[in-house]
$ cat query.cif   # mmCIF, C-alpha atoms and all ligand atoms
data_run
loop_
_atom_site.label_atom_id
_atom_site.label_comp_id
_atom_site.auth_asym_id
_atom_site.auth_seq_id
_atom_site.Cartn_x
_atom_site.Cartn_y
_atom_site.Cartn_z
CA MET P 17 -15.69 19.92 14.01
CA GLY P 18 -14.96 19.17 10.38
CA ILE P 19 -13.45 15.76 11.02
CA VAL P 20 -15.69 13.04 9.57
CA ALA P 21 -13.45 10.06 10.34
CA GLU P 22 -10.42 9.48 12.52
CA ALA P 23 -8.17 6.77 13.87
CA VAL P 24 -7.88 7.49 17.57
CA VAL P 25 -4.66 6.07 19.02
CA ASP P 26 -4.55 5.46 22.75
CA LEU P 27 -0.96 6.12 23.81
CA ASP P 28 -1.72 4.75 27.28
CA ALA P 29 -2.37 1.41 25.57
CA ILE P 30 0.97 1.67 23.72
CA ALA P 31 2.66 2.43 27.05
CA HIS P 32 0.89 -0.45 28.81
CA ASN P 33 1.74 -2.90 26.02
CA THR P 34 5.38 -1.82 25.97
CA ARG P 35 5.75 -2.35 29.71
CA LEU P 36 3.93 -5.66 29.54
CA LEU P 37 6.07 -6.98 26.68
CA ALA P 38 9.30 -5.75 28.26
CA GLY P 39 8.21 -7.61 31.39
CA LEU P 40 7.58 -10.80 29.43
CA ALA P 41 11.00 -10.63 27.78
CA ALA P 42 13.81 -12.65 29.33
CA PRO P 43 15.43 -10.86 32.30
CA ARG P 44 18.35 -9.33 30.46
CA ALA P 45 16.68 -8.97 27.08
CA GLY P 46 15.94 -5.53 25.64
CA THR P 47 12.75 -4.70 23.75
CA MET P 48 12.75 -3.46 20.19
CA VAL P 49 9.46 -1.91 19.12
CA VAL P 50 8.80 -2.44 15.44
CA VAL P 51 7.49 0.87 14.11
CA LYS P 52 7.69 0.13 10.39
CA ALA P 53 4.85 1.20 8.10
CA ASN P 54 4.05 4.29 10.17
CA ALA P 55 3.94 2.17 13.34
CA PHE P 56 1.47 -0.28 11.78
CA GLY P 57 -0.64 2.74 10.81
CA HIS P 58 -0.70 4.30 14.30
CA GLY P 59 1.72 7.18 13.62
CA VAL P 60 5.42 6.55 13.98
CA LEU P 61 6.64 9.43 16.14
CA PRO P 62 4.04 9.40 18.94
CA VAL P 63 4.28 5.61 19.14
CA ALA P 64 8.10 5.55 19.12
CA ARG P 65 8.34 8.24 21.80
CA THR P 66 5.73 6.61 24.00
CA ALA P 67 7.36 3.19 23.75
CA LEU P 68 10.84 4.57 24.48
CA ALA P 69 9.47 6.35 27.54
CA ASN P 70 7.97 3.08 28.81
CA GLY P 71 10.75 0.53 28.60
CA ALA P 72 11.57 0.00 24.93
CA SER P 73 15.29 0.23 24.14
CA TRP P 74 15.40 -0.25 20.36
CA LEU P 75 13.33 0.77 17.32
CA GLY P 76 12.93 -1.43 14.26
CA VAL P 77 11.95 -0.29 10.76
CA THR P 78 12.27 -1.69 7.27
CA SER P 79 13.54 1.14 5.06
CA ILE P 80 16.42 3.51 5.58
CA ALA P 81 14.01 6.40 4.91
CA GLU P 82 11.94 5.30 7.90
CA ALA P 83 15.05 5.19 10.09
CA LEU P 84 16.14 8.66 8.96
CA GLU P 85 12.68 10.03 9.75
CA LEU P 86 13.18 8.94 13.37
CA ARG P 87 16.60 10.58 13.50
CA ALA P 88 15.31 13.79 11.88
CA ALA P 89 12.73 13.96 14.68
CA GLY P 90 15.53 13.90 17.24
CA ILE P 91 15.10 10.30 18.39
CA ASP P 92 18.54 8.95 19.25
CA ALA P 93 17.70 5.44 20.51
CA PRO P 94 19.25 2.51 18.61
CA VAL P 95 17.44 1.97 15.30
CA LEU P 96 17.74 -1.06 13.05
CA ALA P 97 16.65 -0.97 9.38
CA TRP P 98 16.44 -4.21 7.42
CA LEU P 99 15.06 -3.96 3.90
CA TYR P 100 16.80 -2.16 1.03
CA ALA P 101 18.68 -2.78 -2.18
CA HIS P 102 22.36 -3.74 -2.11
CA ASP P 103 23.25 -0.50 -3.91
CA ASP P 104 21.27 1.86 -1.67
CA ASP P 105 22.93 5.00 -0.31
CA PHE P 106 24.30 3.71 2.98
CA ALA P 107 26.51 6.66 3.92
CA GLY P 108 23.60 8.77 5.16
CA ALA P 109 22.29 5.94 7.33
CA ILE P 110 25.75 5.33 8.80
CA ARG P 111 26.24 9.04 9.53
CA ALA P 112 22.85 9.06 11.27
CA GLY P 113 23.88 6.14 13.44
CA VAL P 114 21.36 3.73 11.95
CA ASP P 115 22.18 0.03 12.36
CA LEU P 116 21.92 -1.89 9.11
CA SER P 117 20.86 -5.48 8.58
CA VAL P 118 22.96 -7.54 6.21
CA SER P 119 21.53 -10.50 4.30
CA THR P 120 23.87 -10.78 1.31
CA ALA P 121 27.60 -10.48 0.65
CA GLU P 122 26.81 -7.62 -1.74
CA HIS P 123 25.06 -5.62 0.96
CA LEU P 124 27.97 -6.24 3.31
CA ALA P 125 30.56 -5.01 0.83
CA ALA P 126 28.59 -1.88 -0.06
CA ILE P 127 27.95 -1.00 3.58
CA ALA P 128 31.58 -1.56 4.58
CA ALA P 129 32.67 0.70 1.70
CA ALA P 130 30.28 3.45 2.82
CA GLY P 131 31.75 3.94 6.28
CA PRO P 132 32.18 2.36 9.73
CA ALA P 133 28.77 0.81 10.29
CA ASN P 134 26.98 -1.16 12.96
CA VAL P 135 25.57 -4.20 11.19
CA HIS P 136 23.28 -7.05 12.19
CA LEU P 137 24.00 -10.16 10.17
CA LYS P 138 20.75 -11.90 9.30
CA VAL P 139 20.71 -15.63 8.83
CA ASP P 140 17.87 -17.56 7.21
CA THR P 141 17.08 -20.25 9.78
CA GLY P 142 14.03 -21.55 7.93
CA LEU P 143 11.63 -18.75 6.97
CA THR P 144 13.06 -18.67 3.44
CA ARG P 145 12.46 -14.99 3.00
CA ASN P 146 15.24 -12.55 3.84
CA GLY P 147 18.46 -13.51 5.62
CA VAL P 148 21.50 -15.10 4.05
CA ASN P 149 20.99 -18.60 2.75
CA TRP P 150 22.10 -21.14 5.36
CA ALA P 151 24.90 -22.53 3.18
CA GLU P 152 26.40 -19.05 2.79
CA TRP P 153 26.36 -18.15 6.47
CA PRO P 154 29.97 -19.16 7.27
CA ALA P 155 31.27 -17.14 4.32
CA LEU P 156 29.24 -14.07 5.29
CA VAL P 157 30.54 -14.26 8.84
CA GLU P 158 34.14 -14.55 7.67
CA ALA P 159 33.72 -11.65 5.27
CA ALA P 160 32.27 -9.49 8.07
CA ALA P 161 35.13 -10.42 10.39
CA ALA P 162 37.63 -9.26 7.77
CA LEU P 163 35.91 -5.94 6.98
CA ARG P 164 35.71 -2.62 8.79
CA VAL P 165 32.22 -3.16 10.24
CA ASN P 166 31.05 -3.67 13.79
CA VAL P 167 28.87 -6.78 13.97
CA ARG P 168 26.55 -5.52 16.67
CA GLY P 169 23.86 -8.09 16.06
CA ILE P 170 23.09 -11.53 14.70
CA TRP P 171 19.47 -12.22 13.99
CA SER P 172 16.82 -14.22 12.24
CA HIS P 173 13.02 -14.34 11.98
CA LEU P 174 10.55 -17.09 12.91
CA ALA P 175 8.09 -18.52 10.41
CA SER P 176 5.43 -19.98 12.69
CA ALA P 177 5.72 -18.60 16.22
CA ASP P 178 1.97 -17.91 16.23
CA ASP P 179 1.30 -21.64 15.84
CA PRO P 180 2.17 -23.14 19.25
CA GLY P 181 4.06 -26.40 19.02
CA ASN P 182 4.82 -26.05 15.33
CA PRO P 183 8.00 -28.14 14.89
CA SER P 184 9.60 -25.46 12.72
CA ILE P 185 9.95 -23.19 15.78
CA MET P 186 12.48 -25.32 17.64
CA ARG P 187 14.20 -26.24 14.38
CA GLN P 188 14.79 -22.53 13.80
CA VAL P 189 16.03 -22.00 17.36
CA ASP P 190 18.49 -24.89 16.89
CA ARG P 191 19.66 -23.43 13.60
CA PHE P 192 20.10 -20.03 15.23
CA GLU P 193 22.25 -21.61 17.95
CA GLU P 194 24.33 -23.24 15.26
CA ALA P 195 24.68 -19.91 13.42
CA LEU P 196 25.88 -18.23 16.63
CA ALA P 197 28.43 -20.99 17.19
CA ILE P 198 29.76 -20.60 13.64
CA ALA P 199 30.08 -16.84 14.15
CA GLY P 200 31.86 -17.42 17.44
CA LYS P 201 34.49 -19.49 15.65
CA SER P 202 35.21 -16.44 13.49
CA GLY P 203 35.61 -14.38 16.64
CA ILE P 204 32.23 -12.67 16.33
CA THR P 205 30.25 -12.34 19.56
CA PRO P 206 27.57 -9.73 18.98
CA GLU P 207 26.07 -7.42 21.56
CA VAL P 208 22.53 -8.45 20.56
CA ARG P 209 21.25 -11.80 19.32
CA HIS P 210 17.58 -11.58 18.34
CA LEU P 211 14.97 -13.94 16.98
CA ALA P 212 11.55 -13.48 18.58
CA ASN P 213 8.66 -11.46 17.13
CA SER P 214 5.44 -10.75 19.09
CA ALA P 215 4.29 -14.36 19.04
CA GLY P 216 7.77 -15.46 20.10
CA ILE P 217 7.68 -13.04 23.02
CA VAL P 218 4.48 -14.50 24.47
CA ASP P 219 5.00 -18.13 23.51
CA VAL P 220 8.65 -19.02 22.82
CA PRO P 221 10.71 -17.93 25.84
CA GLY P 222 13.67 -19.93 24.53
CA ALA P 223 13.93 -17.49 21.60
CA HIS P 224 14.31 -14.23 23.53
CA TYR P 225 18.13 -14.01 23.65
CA ASP P 226 19.29 -10.38 24.13
CA LEU P 227 16.49 -8.56 22.34
CA VAL P 228 12.88 -9.22 21.36
CA ARG P 229 11.06 -7.51 18.50
CA ALA P 230 7.49 -6.46 19.22
CA GLY P 231 5.23 -5.57 16.31
CA LEU P 232 1.56 -6.55 16.42
CA ALA P 233 1.53 -7.01 20.21
CA LEU P 234 2.72 -3.44 20.75
CA TYR P 235 -0.49 -2.30 19.08
CA GLY P 236 -2.54 -4.45 21.43
CA VAL P 237 -3.52 -7.47 19.36
CA GLU P 238 -2.86 -10.82 21.05
CA PRO P 239 -0.38 -12.50 18.71
CA VAL P 240 -1.14 -16.14 19.54
CA ASP P 241 -4.72 -17.45 19.44
CA GLY P 242 -5.75 -18.68 22.88
CA VAL P 243 -2.83 -17.08 24.72
CA ILE P 244 -4.06 -14.01 26.59
CA ALA P 245 -1.15 -11.80 27.55
CA GLY P 246 -3.28 -8.84 28.70
CA LEU P 247 -2.58 -6.46 25.84
CA ARG P 248 -4.77 -3.45 25.08
CA ARG P 249 -5.79 -2.55 21.52
CA ALA P 250 -4.49 0.93 20.75
CA MET P 251 -6.53 2.01 17.73
CA THR P 252 -10.20 2.95 17.45
CA LEU P 253 -11.46 3.77 13.98
CA ARG P 254 -14.52 5.97 14.08
CA ALA P 255 -16.56 8.19 11.80
CA ARG P 256 -19.62 10.41 11.85
CA ALA P 257 -22.93 9.89 10.08
CA ILE P 258 -23.04 12.35 7.21
CA ASN P 259 -26.37 11.33 5.73
CA VAL P 260 -29.36 9.60 7.32
CA LYS P 261 -32.42 8.52 5.35
CA ARG P 262 -35.56 6.55 6.04
CA VAL P 263 -36.30 4.11 3.23
CA PRO P 264 -39.18 1.68 2.57
CA SER P 265 -39.01 -2.08 2.22
CA GLY P 266 -37.76 -3.49 -1.09
CA ILE P 267 -35.13 -0.81 -1.76
CA GLY P 268 -31.72 -1.71 -3.24
CA VAL P 269 -28.68 -0.21 -1.50
CA SER P 270 -25.30 0.83 -2.96
CA TYR P 271 -23.69 -0.42 -6.19
CA LEU P 272 -25.51 -3.28 -7.92
CA HIS P 273 -28.12 -3.24 -5.17
CA GLN P 274 -26.59 -6.25 -3.48
CA TYR P 275 -28.51 -5.38 -0.31
CA VAL P 276 -32.28 -5.04 -0.48
CA THR P 277 -34.30 -3.80 2.50
CA ASP P 278 -36.87 -6.24 3.85
CA ARG P 279 -38.70 -3.63 5.94
CA GLU P 280 -38.85 0.12 6.40
CA THR P 281 -35.53 1.08 7.91
CA THR P 282 -32.95 3.84 8.36
CA MET P 283 -29.81 4.00 6.20
CA VAL P 284 -26.76 5.80 7.54
CA LEU P 285 -23.91 6.97 5.33
CA VAL P 286 -20.38 6.47 6.71
CA PRO P 287 -17.76 8.61 4.93
CA VAL P 288 -14.88 6.10 4.65
CA GLY P 289 -14.34 3.43 2.03
CA TYR P 290 -11.74 1.12 0.63
CA ALA P 291 -9.42 4.01 -0.18
CA ASP P 292 -9.36 4.61 3.57
CA GLY P 293 -8.72 0.98 4.40
CA VAL P 294 -12.25 -0.39 4.79
CA PRO P 295 -11.88 -3.70 2.94
CA ARG P 296 -14.32 -4.23 0.10
CA LEU P 297 -14.75 -7.75 1.47
CA LEU P 298 -16.76 -6.20 4.32
CA SER P 299 -19.55 -5.50 1.82
CA ASN P 300 -22.74 -7.12 3.14
CA ARG P 301 -20.64 -8.90 5.78
CA GLY P 302 -19.03 -6.51 8.26
CA GLU P 303 -20.60 -4.71 11.19
CA VAL P 304 -20.06 -1.42 12.96
CA ALA P 305 -21.24 -0.02 16.29
CA LEU P 306 -23.92 2.63 16.28
CA HIS P 307 -25.71 3.88 19.40
CA GLY P 308 -24.11 0.97 21.26
CA GLU P 309 -25.54 -1.66 18.90
CA ARG P 310 -23.87 -3.69 16.21
CA ARG P 311 -25.39 -2.90 12.85
CA PRO P 312 -24.64 -4.47 9.45
CA ILE P 313 -22.86 -2.88 6.52
CA ALA P 314 -25.51 -2.75 3.81
CA GLY P 315 -24.31 -3.52 0.29
CA ARG P 316 -21.04 -2.71 -1.37
CA VAL P 317 -18.29 -0.76 0.36
CA ALA P 318 -17.34 1.96 -2.13
CA MET P 319 -14.05 3.83 -2.48
CA ASP P 320 -15.00 6.63 -0.10
CA GLN P 321 -18.14 5.57 1.71
CA PHE P 322 -20.47 2.80 2.76
CA VAL P 323 -23.99 2.46 4.14
CA VAL P 324 -25.15 0.94 7.42
CA ASP P 325 -28.63 -0.42 8.06
CA ALA P 326 -29.53 1.26 11.35
CA GLY P 327 -32.99 -0.32 11.68
CA ASP P 328 -35.13 1.91 13.86
CA LEU P 329 -32.32 3.52 15.84
CA PRO P 330 -32.91 7.27 16.16
CA VAL P 331 -29.74 8.26 14.32
CA ALA P 332 -29.01 11.95 13.72
CA LEU P 333 -26.52 13.64 11.43
CA GLY P 334 -23.09 13.73 13.08
CA ASP P 335 -23.68 10.70 15.31
CA GLU P 336 -20.62 8.55 15.99
CA ILE P 337 -20.06 5.22 14.28
CA VAL P 338 -17.30 3.03 15.74
CA LEU P 339 -15.89 0.87 12.97
CA PHE P 340 -13.51 -1.04 15.22
CA GLY P 341 -12.25 -0.44 18.71
CA ALA P 342 -10.61 -1.79 21.83
CA ASP P 343 -13.56 -3.37 23.62
CA PRO P 344 -15.35 -6.26 21.89
CA ALA P 345 -18.44 -5.63 24.01
CA ALA P 346 -18.76 -2.13 22.57
CA ALA P 347 -17.72 -2.49 18.92
CA PRO P 348 -16.11 -4.93 16.48
CA THR P 349 -12.38 -5.47 16.99
CA VAL P 350 -9.65 -5.30 14.40
CA GLU P 351 -9.41 -9.10 14.68
CA GLU P 352 -13.08 -9.39 13.63
CA TRP P 353 -12.41 -7.06 10.73
CA ALA P 354 -9.47 -9.22 9.71
CA ALA P 355 -11.63 -12.35 9.80
CA TRP P 356 -14.35 -10.72 7.67
CA ALA P 357 -11.70 -9.56 5.21
CA GLN P 358 -9.89 -12.93 5.17
CA THR P 359 -6.64 -11.33 6.26
CA ASN P 360 -4.63 -10.62 9.41
CA PRO P 361 -4.98 -7.64 11.77
CA HIS P 362 -1.64 -6.31 10.52
CA GLU P 363 -3.11 -5.71 7.06
CA ILE P 364 -6.17 -3.94 8.45
CA LEU P 365 -4.07 -1.64 10.68
CA THR P 366 -1.46 -0.81 8.05
CA GLY P 367 -4.20 -0.33 5.47
CA ILE P 368 -5.90 2.61 7.18
CA GLY P 369 -5.45 5.29 4.57
CA ALA P 370 -3.52 8.55 4.70
CA ARG P 371 -6.80 10.46 4.38
CA VAL P 372 -7.85 9.35 7.85
CA PRO P 373 -6.32 11.68 10.43
CA ARG P 374 -4.63 10.06 13.44
CA THR P 375 -5.51 11.67 16.73
CA TYR P 376 -4.02 10.81 20.11
CA VAL P 377 -5.35 10.29 23.59
CA GLY P 378 -3.53 9.27 26.75
CA GLN P 379 0.15 9.83 27.60
CA GLU P 380 1.43 13.33 27.20
CA HIS P 381 3.72 13.33 24.24
CA PRO P 382 5.92 15.90 22.57
CA HIS P 383 4.59 16.99 19.20
CA GLY P 384 6.43 16.56 15.93
C1 LIG P 401 7.41 -6.93 11.10
C2 LIG P 401 8.52 -7.65 11.76
C3 LIG P 401 8.47 -7.94 13.13
C4 LIG P 401 7.24 -7.71 13.97
O1 LIG P 401 6.45 -8.86 13.79
P1 LIG P 401 5.15 -9.11 14.69
O2 LIG P 401 4.80 -10.51 14.39
O3 LIG P 401 4.14 -8.13 14.24
O4 LIG P 401 5.59 -8.90 16.09
C5 LIG P 401 9.58 -8.51 13.72
N1 LIG P 401 10.68 -8.79 12.99
C6 LIG P 401 10.76 -8.55 11.66
C7 LIG P 401 11.97 -8.92 10.90
C8 LIG P 401 9.68 -7.99 11.00
O5 LIG P 401 9.74 -7.77 9.68
#

$ encode --input "query.cif" --output "structure tokens"
Amino acid sequence: MGIVAEAVVDLDAIAHNTRLLAGLAAPRAGTMVVVKANAFGHGVLPVARTALANGASWLGVTSIAEALELRAAGIDAPVLAWLYAHDDDFAGAIRAGVDLSVSTAEHLAAIAAAGPANVHLKVDTGLTRNGVNWAEWPALVEAAAALRVNVRGIWSHLASADDPGNPSIMRQVDRFEEALAIAGKSGITPEVRHLANSAGIVDVPGAHYDLVRAGLALYGVEPVDGVIAGLRRAMTLRARAINVKRVPSGIGVSYLHQYVTDRETTMVLVPVGYADGVPRLLSNRGEVALHGERRPIAGRVAMDQFVVDAGDLPVALGDEIVLFGADPAAAPTVEEWAAWAQTNPHEILTGIGARVPRTYVGQEHPHG
């Protein structure tokens, strides 16, 4: 086997998480699985197919290119795309039956001119990121009512759903209600109203409406600290030892020798680095699992490789190193990696590089 590192994706975990999240959603609410950024690094097509086969009814992506990739693969479930320039080429997306989010009057006009589209009007209820500015919502709604577009959805995004009790959550829900009422006055009653992300699914039942949008939780990371929903982490990142050397005490390891051995020990070379998504912040801080033990990363993580201090473990060439995995008793988790790297699990997962092959276990899935 020539593979020296791989991200193993457990499609049974994706299936389990999809069913669990669909079960948590309000009784008549559908479940959109957010498969942007190559399904948070897990591989978009196997994840999309597995989720659709296990209770998901919608797919969410950012770019039109991502939506068209799903269509080109023969996936015909509803797809919503939500991030593009106002002068993008919308005709292809409309022909492919891709729903388009609208956050400015300019986007609305260009989409309406490109063909009969399904649009989801996005209102900024307090995140202050995308979505039409609150003051411009009535005008956007009126413009949509007058144009040849089907307003299939009205939606918004929560700023702080992962912070239980944060007062901004209910303020945004109230604003969303107000936005729906304003749209209703213009005769717009969409098929799907949607507001909740993963954290909203597990912790803000009042935000579920007709559709929930599951990102992080689909991949098995609990989205709200202290709220255990029973999700299963889908990705294991593992590699093989490609060099093993016994070194004496007092030896400097990796660039600038920021790790110095304090006894005779065994150094193991792991063939992935920051170009593959191992954060440089894990230098001298992170751990990996080797022979069932947690062992420290010794010295600087380099672009393509790093070194682990294996102590006296009898490591041989080709032995498995689990960088992060599903079971915290067996290996570090992606949440621990995120803490070491001072980031969130999303950034770790989406940062796993293109050089690392994705392999799949679990659910039978069609290839492609
Ligand atoms: C990425 C994204 C999501 C998924 O968010 P999670 O917190 O990972 O569930 C949902 N909605 C929008 C608009 C997004 O951009």

$ atom_distance --input "query.cif" --atom1 "CA of Ala177 (chain P)" --atom2 "CA of Leu27 (chain P)"
26.7 Å

$ residues_around --input "query.cif" --residues "Leu86 (chain P)" --least-positions-apart "5" --cutoff "9 Å" --atoms "all atoms listed in the file" --output "short mmCIF file (atom, residue, chain, number, x, y, z; two decimals) with C-alpha atoms, keeping the file's coordinate frame"
data_model
loop_
_atom_site.label_atom_id
_atom_site.label_comp_id
_atom_site.auth_asym_id
_atom_site.auth_seq_id
_atom_site.Cartn_x
_atom_site.Cartn_y
_atom_site.Cartn_z
CA VAL P 60 5.42 6.55 13.98
CA LEU P 61 6.64 9.43 16.14
CA ALA P 64 8.10 5.55 19.12
CA ALA P 81 14.01 6.40 4.91
CA ILE P 91 15.10 10.30 18.39
CA ASP P 92 18.54 8.95 19.25
CA VAL P 95 17.44 1.97 15.30
#

$ residues_around --input "query.cif" --residues "Ser202 (chain P)" --least-positions-apart "3" --cutoff "8 Å" --atoms "all atoms listed in the file" --output "list in words"
Val157, Glu158, Ala161, Ile198 and Ala199 of chain P

$ residues_near_ligand --input "query.cif" --ligand "ligand LIG 401 (chain P)" --cutoff "6 Å" --atoms "all atoms listed in the file" --output "ChimeraX atom specification"
/P:50,173,213-214,229-232

$ write_last_selection --input "query.cif" --atoms "C-alpha atoms" --output "PDB file, in the frame of the given file"
ATOM      1  CA  VAL P  50       8.800  -2.440  15.440  1.00  0.00           C
ATOM      2  CA  HIS P 173      13.020 -14.340  11.980  1.00  0.00           C
ATOM      3  CA  ASN P 213       8.660 -11.460  17.130  1.00  0.00           C
ATOM      4  CA  SER P 214       5.440 -10.750  19.090  1.00  0.00           C
ATOM      5  CA  ARG P 229      11.060  -7.510  18.500  1.00  0.00           C
ATOM      6  CA  ALA P 230       7.490  -6.460  19.220  1.00  0.00           C
ATOM      7  CA  GLY P 231       5.230  -5.570  16.310  1.00  0.00           C
ATOM      8  CA  LEU P 232       1.560  -6.550  16.420  1.00  0.00           C
TER       9      LEU P 232
END

$ closest_residue --input "query.cif" --among "P:Ala195, P:Ala107, P:Val294, P:Glu82" --to "Trp356 (chain P)" --atoms "only C-alpha atoms"
P:Val294

$ closest_residue --input "query.cif" --among "P:Gln358, P:Thr281, P:Thr349, P:Ser79" --to "Glu238 (chain P)" --atoms "only C-alpha atoms"
P:Thr349

$ atom_distance --input "query.cif" --atom1 "CA of Ala89 (chain P)" --atom2 "CA of Asp105 (chain P)"
20.2 Å

$ atom_distance --input "query.cif" --atom1 "CA of Leu365 (chain P)" --atom2 "CA of Gly57 (chain P)"
5.6 Å

$ closest_residue --input "query.cif" --among "P:Ser73, P:Thr141, P:Asn146, P:Ser117" --to "Pro94 (chain P)" --atoms "only C-alpha atoms"
P:Ser73

$ residues_around --input "query.cif" --residues "region 97-100 of chain P" --least-positions-apart "4" --cutoff "12 Å" --atoms "only C-alpha atoms" --output "ChimeraX atom specification"
/P:48,50-52,74-86,104-106,109-110,112-120,122-123,126-127,134-138,145-147,171-173

$ closest_residue --input "query.cif" --among "P:Gln321, P:Thr144, P:Asn33, P:Asn166" --to "Gln188 (chain P)" --atoms "all atoms listed in the file"
P:Thr144

$ decode --input "query.cif" --residues "region 227-243 of chain P" --atoms "N, CA and C atoms" --output "compact mmCIF listing (two decimals), in the first residue's frame"
# COMPACT_ATOMS: atom_id res chain seq x y z
N LEU P 227 -37.37 24.21 7.71
CA LEU P 227 -36.13 23.61 7.21
C LEU P 227 -35.02 23.99 8.18
N VAL P 228 -34.18 23.01 8.51
CA VAL P 228 -32.99 23.32 9.32
C VAL P 228 -31.75 23.04 8.46
N ARG P 229 -30.66 23.72 8.79
CA ARG P 229 -29.45 23.60 7.98
C ARG P 229 -28.32 23.03 8.84
N ALA P 230 -27.96 21.78 8.56
CA ALA P 230 -26.96 21.09 9.37
C ALA P 230 -25.60 21.10 8.71
N GLY P 231 -24.65 21.76 9.34
CA GLY P 231 -23.26 21.73 8.88
C GLY P 231 -22.43 20.88 9.82
N LEU P 232 -21.75 21.53 10.74
CA LEU P 232 -20.82 20.84 11.65
C LEU P 232 -21.40 19.56 12.26
N ALA P 233 -22.65 19.61 12.69
CA ALA P 233 -23.25 18.45 13.37
C ALA P 233 -23.35 17.24 12.44
N LEU P 234 -23.54 17.49 11.16
CA LEU P 234 -23.61 16.38 10.21
C LEU P 234 -22.31 15.57 10.24
N TYR P 235 -21.21 16.28 10.48
CA TYR P 235 -19.90 15.63 10.48
C TYR P 235 -19.54 15.07 11.85
N GLY P 236 -20.47 15.22 12.80
CA GLY P 236 -20.34 14.50 14.07
C GLY P 236 -19.75 15.27 15.22
N VAL P 237 -19.57 16.59 15.05
CA VAL P 237 -19.06 17.39 16.16
C VAL P 237 -20.24 18.05 16.86
N GLU P 238 -20.32 17.87 18.19
CA GLU P 238 -21.41 18.47 18.95
C GLU P 238 -21.31 20.00 18.83
N PRO P 239 -22.36 20.66 18.36
CA PRO P 239 -22.23 22.07 18.04
C PRO P 239 -22.35 23.01 19.24
N VAL P 240 -22.91 22.53 20.36
CA VAL P 240 -23.06 23.40 21.53
C VAL P 240 -22.34 22.73 22.70
N ASP P 241 -21.37 23.42 23.27
CA ASP P 241 -20.64 22.88 24.43
C ASP P 241 -21.61 22.48 25.52
N GLY P 242 -21.46 21.25 26.03
CA GLY P 242 -22.28 20.82 27.15
C GLY P 242 -23.64 20.26 26.76
N VAL P 243 -23.98 20.29 25.47
CA VAL P 243 -25.22 19.68 25.01
C VAL P 243 -24.84 18.46 24.17
